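Asker: Once you've had a glance at the structure underneath, I'll fire off some questions.
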Amino acid sequence: HVRELSEEDDFAVVVLPDTQYYTTGPTAAHPDRATHFFADQTRWIMENRTRYRIAAVLHNGDIVDDGNVASQWNVADRAMALLEAESADLPDGMPYALAVGNHEQREASLASYNRVFGVDRFEGRAYYGGHYDDTNNDSWVRFHANGLDFVVVNFRYDTTQDAAITAWGRRVLETHPEAFGVVNSHFIVDSAGEFGPQGQAIYDALRSVQNLQLMTCGHIADEERRSDTYMGHRIDSMLADYQGRAEGGGGFLRLWEFSPANDELTVRSYSPSHDRWETDANSEFTLRVDLRGAGGPFRDVATVRTGDDARAMATDLAPGRVYEWYATVTDCTHTVTTPVARFRTAAM
């Protein structure tokens with residue numbers, strides 16, 4: 001079985017860093033803040049989902065500034081509800097994941113968060129995987145992007161990561177070994193590119209999980225990233241948080257653009273409200289990721305019957321292009337499929 005990979009296989013995921021100041025509206029100290037920034041983000045996502053082939057949205061937490069203020073939850077509710085618009089290709093709306101930040105925890109029980117974004121809001125949506133206990137404080141989602149499955153584990157903000165919750169998240173990732181694994185938590189990396197206490201605990205517990213490739217966070221008003229390799233396995237961690245800027249962040253979000261043909265993820269930063277891209281080294285960069293499995297359908301090359309050696313020649317391959325292939329072997333009782341491998345044809 002073989003298929004060609006091209007730019008037509010590219011897709012994107014949007015990351016929403018701290019939106020807390022967009023929910024407060026103007027204040028005496030910050031008259032430039034406005035609630036429209038939050039809805040501008042989610043509206044832009046839905047209006048541009050086809051253009052960028054957006055597959056999902058991840059919110060890094062601090063959805064609101066004060067978990068005790070109902071008006072802030074109303075702003076967040078209306079903005080995120082724009083992602084839930086159903087259509088023929090999105091029967092459950094746009095898949096999205098939420099991490100719980102420290103500002104949601106002004107109530108120890110996280111009552112307001114669970115009243116607005118509780119389990120009952122997500123149950124029944126195909127992308128919703130589940131939750132840790134009887135709340136939505138820690139959750140996971142799954143979505144499909146051009147042939148590749150993603151699993152995102154969302155850990156609540158905590159100054160000391162609960163080992164039982166981390167073990168639950170590890171089980172989620174390990175139960176989906178072929179999926180592209182992402183951890184979404186409010187505070188993982190600081191402005192120096194160092195792990196915070198919770199981020200270090202999460203990394204130490206999950207670094208040996210082979211399908212975990214990315215960790216994303218907000219909390220610290222900066223842009224930073226780090227790469228860590230453990231026994232040959234690499235995990236990239238990214239911080240983005242614009243709340244320290246004018247207008248409480250100016251509506252900036254992160255666009256993760258995945259290129260299966262190149263095994264690359266290009267991260268870009270954009271404000272729908274101002275229609276402005278940031279192109280400095282911390283705001284736009286490219287990472288190597290393993291995207292084997294993403295792409296269009298495979299076509300059969302040949303069926304070979306043999307008791308000893310099997311060979312098949314793929315024809316009609318274009319020069320200088322990237323292809324993936326795999327083989328299926330069966331003895332009519334047992335079937336084995338090889339891992340997906342990749343090659344590039346020679347340029348003419």
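Every chain in the structure tokens takes a letter, A first, then B, and so on in the order presented; its residues are numbered from 1, and the ligands are numbered from 1 following the presented order.
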Go through region 28-78 of chain A and flag each residue having an atom no more than 12 Å from region 246-249 of chain A; for those, report the closest pair of atoms plus their distance in Å to one decimal, using only C-alpha atoms, ordered by chain and rising number, as a Markdown table.
Answerer:
```
| residue | atom | partner | partner_atom | distance |
| --- | --- | --- | --- | --- |
| A:Ala29 | CA | A:Glu247 | CA | 11.2 |
| A:His30 | CA | A:Glu247 | CA | 7.5 |
| A:Pro31 | CA | A:Glu247 | CA | 8.1 |
| A:Asp32 | CA | A:Glu247 | CA | 4.9 |
| A:Arg33 | CA | A:Glu247 | CA | 4.4 |
| A:Ala34 | CA | A:Glu247 | CA | 7.1 |
| A:Thr35 | CA | A:Glu247 | CA | 10.0 |
| A:His36 | CA | A:Glu247 | CA | 10.9 |
| A:Phe37 | CA | A:Gly249 | CA | 8.7 |
| A:Phe38 | CA | A:Gly249 | CA | 10.2 |
| A:Gln41 | CA | A:Gly249 | CA | 11.7 |
| A:Val64 | CA | A:Gly248 | CA | 12.0 |
| A:Asp65 | CA | A:Gly248 | CA | 10.9 |
```
Asker: Of the candidates A:Met215, A:Ala12, A:Val100, A:Val336, which shows the shortest atom-to-atom distance to Asp158 (chain A), using only C-alpha atoms?
Answerer: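 Using only C-alpha atoms, Asp158 (chain A) sits closest to A:Val100.
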Asker: Pick out the closest residue to Met238 (chain A) from this set: A:Val15, A:Leu173, A:Val151, A:Ile63. Count only C-alpha atoms.
Answerer: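 Distance minimum relative to Met238 (chain A) lands on A:Val15.
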Asker: Enumerate, as a ChimeraX atom specification, the complete set of residues in region 151-295 of chain A that a backbone-based DSSP assignment places in strand (DSSP E).
Answerer: /A:151-155,180-185,212-217,223-230,233-240,253-259,264-271,276-278,285-288
Asker: Find the residues around Asn60 (chain A) up to 8 Å (only C-alpha atoms counted), leave out those fewer than 2 positions away in its own chain, and share them as an NGL selection string.
Answerer: :A and (15-18 or 58 or 62-63 or 98-101 or 184-186 or 216-218)
Asker: Hey, can you spit out that residue selection with all heavy atoms as a tab-separated table (two decimals), in the first residue's frame?
Answerer:
```
chain	number	residue	atom	x	y	z
A	15	VAL	N	-4.32	27.16	19.27
A	15	VAL	CA	-4.12	27.22	20.72
A	15	VAL	C	-4.54	28.60	21.21
A	15	VAL	O	-4.08	29.62	20.68
A	15	VAL	CB	-2.66	26.94	21.10
A	15	VAL	CG1	-2.47	27.09	22.61
A	15	VAL	CG2	-2.24	25.55	20.65
A	16	LEU	N	-5.41	28.64	22.21
A	16	LEU	CA	-5.86	29.89	22.82
A	16	LEU	C	-5.16	30.05	24.17
A	16	LEU	O	-5.48	29.35	25.14
A	16	LEU	CB	-7.37	29.88	23.02
A	16	LEU	CG	-8.24	29.78	21.77
A	16	LEU	CD1	-9.72	29.77	22.15
A	16	LEU	CD2	-7.95	30.92	20.81
A	17	PRO	N	-4.18	30.96	24.27
A	17	PRO	CA	-3.58	31.25	25.57
A	17	PRO	C	-4.56	32.04	26.45
A	17	PRO	O	-5.66	32.38	26.02
A	17	PRO	CB	-2.35	32.09	25.21
A	17	PRO	CG	-2.13	31.87	23.75
A	17	PRO	CD	-3.51	31.65	23.18
A	18	ASP	N	-4.13	32.35	27.64
A	18	ASP	CA	-4.97	32.99	28.66
A	18	ASP	C	-5.89	34.08	28.07
A	18	ASP	O	-5.42	35.06	27.50
A	18	ASP	CB	-4.08	33.64	29.72
A	18	ASP	CG	-3.10	32.66	30.34
A	18	ASP	OD1	-2.46	31.89	29.59
A	18	ASP	OD2	-2.96	32.67	31.57
A	58	LEU	N	-7.28	24.17	21.36
A	58	LEU	CA	-6.83	23.89	22.72
A	58	LEU	C	-6.76	25.19	23.50
A	58	LEU	O	-6.08	26.13	23.07
A	58	LEU	CB	-5.45	23.22	22.73
A	58	LEU	CG	-5.19	22.07	21.75
A	58	LEU	CD1	-3.78	21.54	21.92
A	58	LEU	CD2	-6.21	20.97	21.94
A	62	ASP	N	-6.90	29.69	32.45
A	62	ASP	CA	-7.24	31.07	32.81
A	62	ASP	C	-8.22	31.60	31.77
A	62	ASP	O	-7.99	32.60	31.09
A	62	ASP	CB	-6.02	31.96	32.94
A	62	ASP	CG	-5.39	31.89	34.33
A	62	ASP	OD1	-5.89	31.09	35.15
A	62	ASP	OD2	-4.41	32.61	34.58
A	63	ILE	N	-9.31	30.88	31.66
A	63	ILE	CA	-10.38	31.24	30.75
A	63	ILE	C	-10.98	32.57	31.19
A	63	ILE	O	-11.27	33.43	30.36
A	63	ILE	CB	-11.46	30.14	30.76
A	63	ILE	CG1	-10.85	28.79	30.37
A	63	ILE	CG2	-12.61	30.50	29.82
A	63	ILE	CD1	-11.73	27.60	30.69
A	98	LEU	N	-10.07	22.05	27.10
A	98	LEU	CA	-9.87	23.12	28.08
A	98	LEU	C	-8.98	22.64	29.22
A	98	LEU	O	-9.21	21.57	29.79
A	98	LEU	CB	-11.21	23.56	28.68
A	98	LEU	CG	-12.27	24.14	27.74
A	98	LEU	CD1	-13.58	24.29	28.49
A	98	LEU	CD2	-11.81	25.47	27.18
A	99	ALA	N	-7.95	23.44	29.53
A	99	ALA	CA	-7.19	23.24	30.76
A	99	ALA	C	-7.70	24.21	31.81
A	99	ALA	O	-8.08	25.34	31.48
A	99	ALA	CB	-5.70	23.45	30.51
A	100	VAL	N	-7.72	23.80	33.03
A	100	VAL	CA	-8.17	24.66	34.14
A	100	VAL	C	-6.98	25.45	34.66
A	100	VAL	O	-5.96	24.87	35.05
A	100	VAL	CB	-8.80	23.82	35.26
A	100	VAL	CG1	-9.08	24.69	36.48
A	100	VAL	CG2	-10.08	23.14	34.77
A	101	GLY	N	-7.10	26.78	34.68
A	101	GLY	CA	-6.03	27.64	35.19
A	101	GLY	C	-6.21	27.97	36.66
A	101	GLY	O	-7.20	27.58	37.29
A	184	ASN	N	-1.93	19.33	27.63
A	184	ASN	CA	-2.38	20.72	27.74
A	184	ASN	C	-2.59	21.02	29.21
A	184	ASN	O	-3.45	20.44	29.86
A	184	ASN	CB	-3.68	20.90	26.95
A	184	ASN	CG	-4.26	22.28	27.07
A	184	ASN	OD1	-3.53	23.26	27.19
A	184	ASN	ND2	-5.59	22.37	27.04
A	185	SER	N	-1.76	21.92	29.75
A	185	SER	CA	-1.90	22.29	31.16
A	185	SER	C	-1.54	23.76	31.30
A	185	SER	O	-0.81	24.31	30.47
A	185	SER	CB	-0.99	21.42	32.04
A	185	SER	OG	-1.31	21.57	33.41
A	186	HIS	N	-2.02	24.40	32.34
A	186	HIS	CA	-1.90	25.85	32.42
A	186	HIS	C	-0.46	26.32	32.61
A	186	HIS	O	-0.02	27.29	31.98
A	186	HIS	CB	-2.78	26.38	33.55
A	186	HIS	CG	-2.83	27.87	33.62
A	186	HIS	ND1	-3.18	28.66	32.54
A	186	HIS	CD2	-2.56	28.73	34.64
A	186	HIS	CE1	-3.14	29.92	32.89
A	186	HIS	NE2	-2.75	30.00	34.15
A	216	THR	N	1.80	21.99	25.96
A	216	THR	CA	1.48	23.39	25.71
A	216	THR	C	0.91	24.03	26.97
A	216	THR	O	0.18	23.39	27.73
A	216	THR	CB	0.49	23.53	24.54
A	216	THR	OG1	0.11	24.91	24.37
A	216	THR	CG2	-0.77	22.70	24.75
A	217	CYS	N	1.26	25.32	27.19
A	217	CYS	CA	0.82	26.00	28.40
A	217	CYS	C	0.76	27.50	28.20
A	217	CYS	O	1.22	28.04	27.18
A	217	CYS	CB	1.76	25.69	29.57
A	217	CYS	SG	3.36	26.53	29.48
A	218	GLY	N	0.20	28.19	29.20
A	218	GLY	CA	0.17	29.64	29.28
A	218	GLY	C	0.70	30.06	30.64
A	218	GLY	O	1.77	29.67	31.04
```
Asker: Considering only C-alpha atoms, return as a PyMOL selection string whatever protein or nucleic-acid residues lie within 6 Å of Ile235 (chain A), sequence-local ones (same chain, fewer than 4 positions apart) excluded.
Answerer: chain A and resi 213-214+227-228
Asker: When you draw a straight line from CA of Gln200 (chain A) to CA of Glu224 (chain A), how long is it in Å?
Answerer: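 Value for the CA of Gln200 (chain A)-CA of Glu224 (chain A) distance: 15.5 Å.
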Asker: Would you pick out the contacts of Val13 (chain A) at 8 Å or less, using only C-alpha atoms, so that residues sharing its chain but fewer than 5 positions from it are not included, and give the list as number ranges by chain?
Answerer: A: 54-58, 255-257
Asker: Only C-alpha atoms, please: the residues just picked out, written as a PDB file, in the first residue's frame.
Answerer:
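Saved result, out_9.pdb, follows:
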```pdb
ATOM      1  CA  ILE A  54      -8.334  23.555  11.426  1.00  0.00           C
ATOM      2  CA  ALA A  55      -8.960  20.263  13.202  1.00  0.00           C
ATOM      3  CA  ALA A  56      -9.257  21.331  16.864  1.00  0.00           C
ATOM      4  CA  VAL A  57      -8.782  24.085  19.446  1.00  0.00           C
ATOM      5  CA  LEU A  58      -6.833  23.885  22.724  1.00  0.00           C
ATOM      6  CA  LEU A 255      -1.759  28.529  14.956  1.00  0.00           C
ATOM      7  CA  TRP A 256      -0.043  25.142  14.817  1.00  0.00           C
ATOM      8  CA  GLU A 257       0.363  24.196  11.150  1.00  0.00           C
TER       9      GLU A 257
END
```
Asker: Which residue, A:Val119, A:Val301, A:Val329, A:Leu253, has the smallest gap to Glu284 (chain A) when you use only C-alpha atoms?
Answerer: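 Of A:Val119, A:Val301, A:Val329, A:Leu253, the one nearest Glu284 (chain A), counting only C-alpha atoms, is A:Leu253.
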Asker: Pick from A:Ala145, A:Ile202, A:Ala327, A:Leu82: nearest to Asp162 (chain A), with only C-alpha atoms counted?
Answerer: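 Once distances to Asp162 (chain A) are computed over only C-alpha atoms, the minimum belongs to A:Ile202.
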Asker: Got a sec: who's within 10 Å of Glu104 (chain A), counting only C-alpha atoms, leaving out chain neighbours fewer than 4 positions off, as JSON, numbers by chain?
Answerer: {"A": [20, 61, 62, 63, 64, 65, 66, 67, 68, 73, 99, 100, 108, 109, 110, 111, 112, 113, 114, 156, 157]}
Asker: Could the residues in this selection be saved with N, CA, C and O atoms as a compact mmCIF listing (two decimals), in the first residue's frame?
Answerer:
```txt
# COMPACT_ATOMS: atom_id res chain seq x y z
N GLN A 20 -8.20 35.57 30.09
CA GLN A 20 -8.83 36.09 31.30
C GLN A 20 -9.21 37.57 31.20
O GLN A 20 -10.30 37.96 31.62
N GLY A 61 -6.08 27.56 29.56
CA GLY A 61 -6.52 27.87 30.91
C GLY A 61 -6.44 29.35 31.25
O GLY A 61 -5.95 30.16 30.46
N ASP A 62 -6.90 29.69 32.45
CA ASP A 62 -7.24 31.07 32.81
C ASP A 62 -8.22 31.60 31.77
O ASP A 62 -7.99 32.60 31.09
N ILE A 63 -9.31 30.88 31.66
CA ILE A 63 -10.38 31.24 30.75
C ILE A 63 -10.98 32.57 31.19
O ILE A 63 -11.27 33.43 30.36
N VAL A 64 -11.16 32.74 32.50
CA VAL A 64 -11.67 33.98 33.08
C VAL A 64 -10.65 34.51 34.08
O VAL A 64 -9.70 33.81 34.46
N ASP A 65 -10.86 35.75 34.51
CA ASP A 65 -9.94 36.36 35.47
C ASP A 65 -10.31 36.04 36.91
O ASP A 65 -9.45 35.91 37.76
N ASP A 66 -11.59 35.93 37.17
CA ASP A 66 -12.06 35.67 38.53
C ASP A 66 -13.19 34.66 38.48
O ASP A 66 -14.28 34.95 37.97
N GLY A 67 -12.91 33.47 38.99
CA GLY A 67 -13.89 32.39 38.94
C GLY A 67 -15.17 32.66 39.70
O GLY A 67 -16.13 31.89 39.58
N ASN A 68 -15.21 33.73 40.48
CA ASN A 68 -16.42 34.05 41.24
C ASN A 68 -17.35 35.04 40.53
O ASN A 68 -18.41 35.36 41.05
N TRP A 73 -17.85 34.58 33.19
CA TRP A 73 -18.20 33.27 32.65
C TRP A 73 -19.17 33.41 31.48
O TRP A 73 -19.12 32.62 30.53
N ALA A 99 -7.95 23.44 29.53
CA ALA A 99 -7.19 23.24 30.76
C ALA A 99 -7.70 24.21 31.81
O ALA A 99 -8.08 25.34 31.48
N VAL A 100 -7.72 23.80 33.03
CA VAL A 100 -8.17 24.66 34.14
C VAL A 100 -6.98 25.45 34.66
O VAL A 100 -5.96 24.87 35.05
N ALA A 108 -12.61 26.86 45.56
CA ALA A 108 -11.82 25.64 45.72
C ALA A 108 -12.45 24.46 45.01
O ALA A 108 -11.76 23.57 44.51
N SER A 109 -13.76 24.44 44.92
CA SER A 109 -14.45 23.31 44.30
C SER A 109 -14.56 23.44 42.79
O SER A 109 -15.05 22.55 42.12
N LEU A 110 -14.11 24.58 42.24
CA LEU A 110 -14.25 24.85 40.81
C LEU A 110 -15.70 24.74 40.37
O LEU A 110 -16.02 24.29 39.27
N ALA A 111 -16.60 25.19 41.25
CA ALA A 111 -18.03 25.05 40.97
C ALA A 111 -18.45 25.82 39.72
O ALA A 111 -19.21 25.30 38.89
N SER A 112 -17.98 27.05 39.56
CA SER A 112 -18.40 27.84 38.41
C SER A 112 -17.88 27.25 37.11
O SER A 112 -18.59 27.20 36.10
N TYR A 113 -16.62 26.82 37.12
CA TYR A 113 -16.07 26.20 35.91
C TYR A 113 -16.90 24.99 35.50
O TYR A 113 -17.25 24.84 34.33
N ASN A 114 -17.23 24.15 36.45
CA ASN A 114 -17.98 22.94 36.11
C ASN A 114 -19.45 23.23 35.80
O ASN A 114 -20.10 22.44 35.13
N ARG A 156 -5.41 20.02 35.22
CA ARG A 156 -5.70 21.26 35.94
C ARG A 156 -4.42 21.86 36.52
O ARG A 156 -3.44 21.16 36.77
N TYR A 157 -4.43 23.17 36.72
CA TYR A 157 -3.32 23.85 37.38
C TYR A 157 -3.23 23.37 38.83
O TYR A 157 -4.23 23.28 39.55
```
Asker: Counting only C-alpha atoms, which of A:Pro91, A:Gly181, A:Gly147, A:Pro319 gets nearest to Ala294 (chain A)?
Answerer: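 Once distances to Ala294 (chain A) are computed over only C-alpha atoms, the minimum belongs to A:Gly147.
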Asker: Measure the distance from CA of Arg311 (chain A) to CA of Ala341 (chain A) in Å and round it to one decimal.
Answerer: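 Atom-to-atom, CA of Arg311 (chain A) and CA of Ala341 (chain A) are spaced 16.0 Å apart.
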Asker: If we count only C-alpha atoms, what is near Thr345 (chain A) at a cut-off of 7 Å, once residues fewer than 3 positions away on the same chain are taken out, given as a PDB file with C-alpha atoms, in the first residue's frame?
Answerer:
```pdb
ATOM      1  CA  PRO A 319      10.251  12.304  -8.948  1.00  0.00           C
ATOM      2  CA  GLY A 320      11.326  14.253  -5.882  1.00  0.00           C
ATOM      3  CA  ARG A 321       8.172  13.517  -3.908  1.00  0.00           C
ATOM      4  CA  VAL A 322       7.517  12.039  -0.448  1.00  0.00           C
TER       5      VAL A 322
END
```
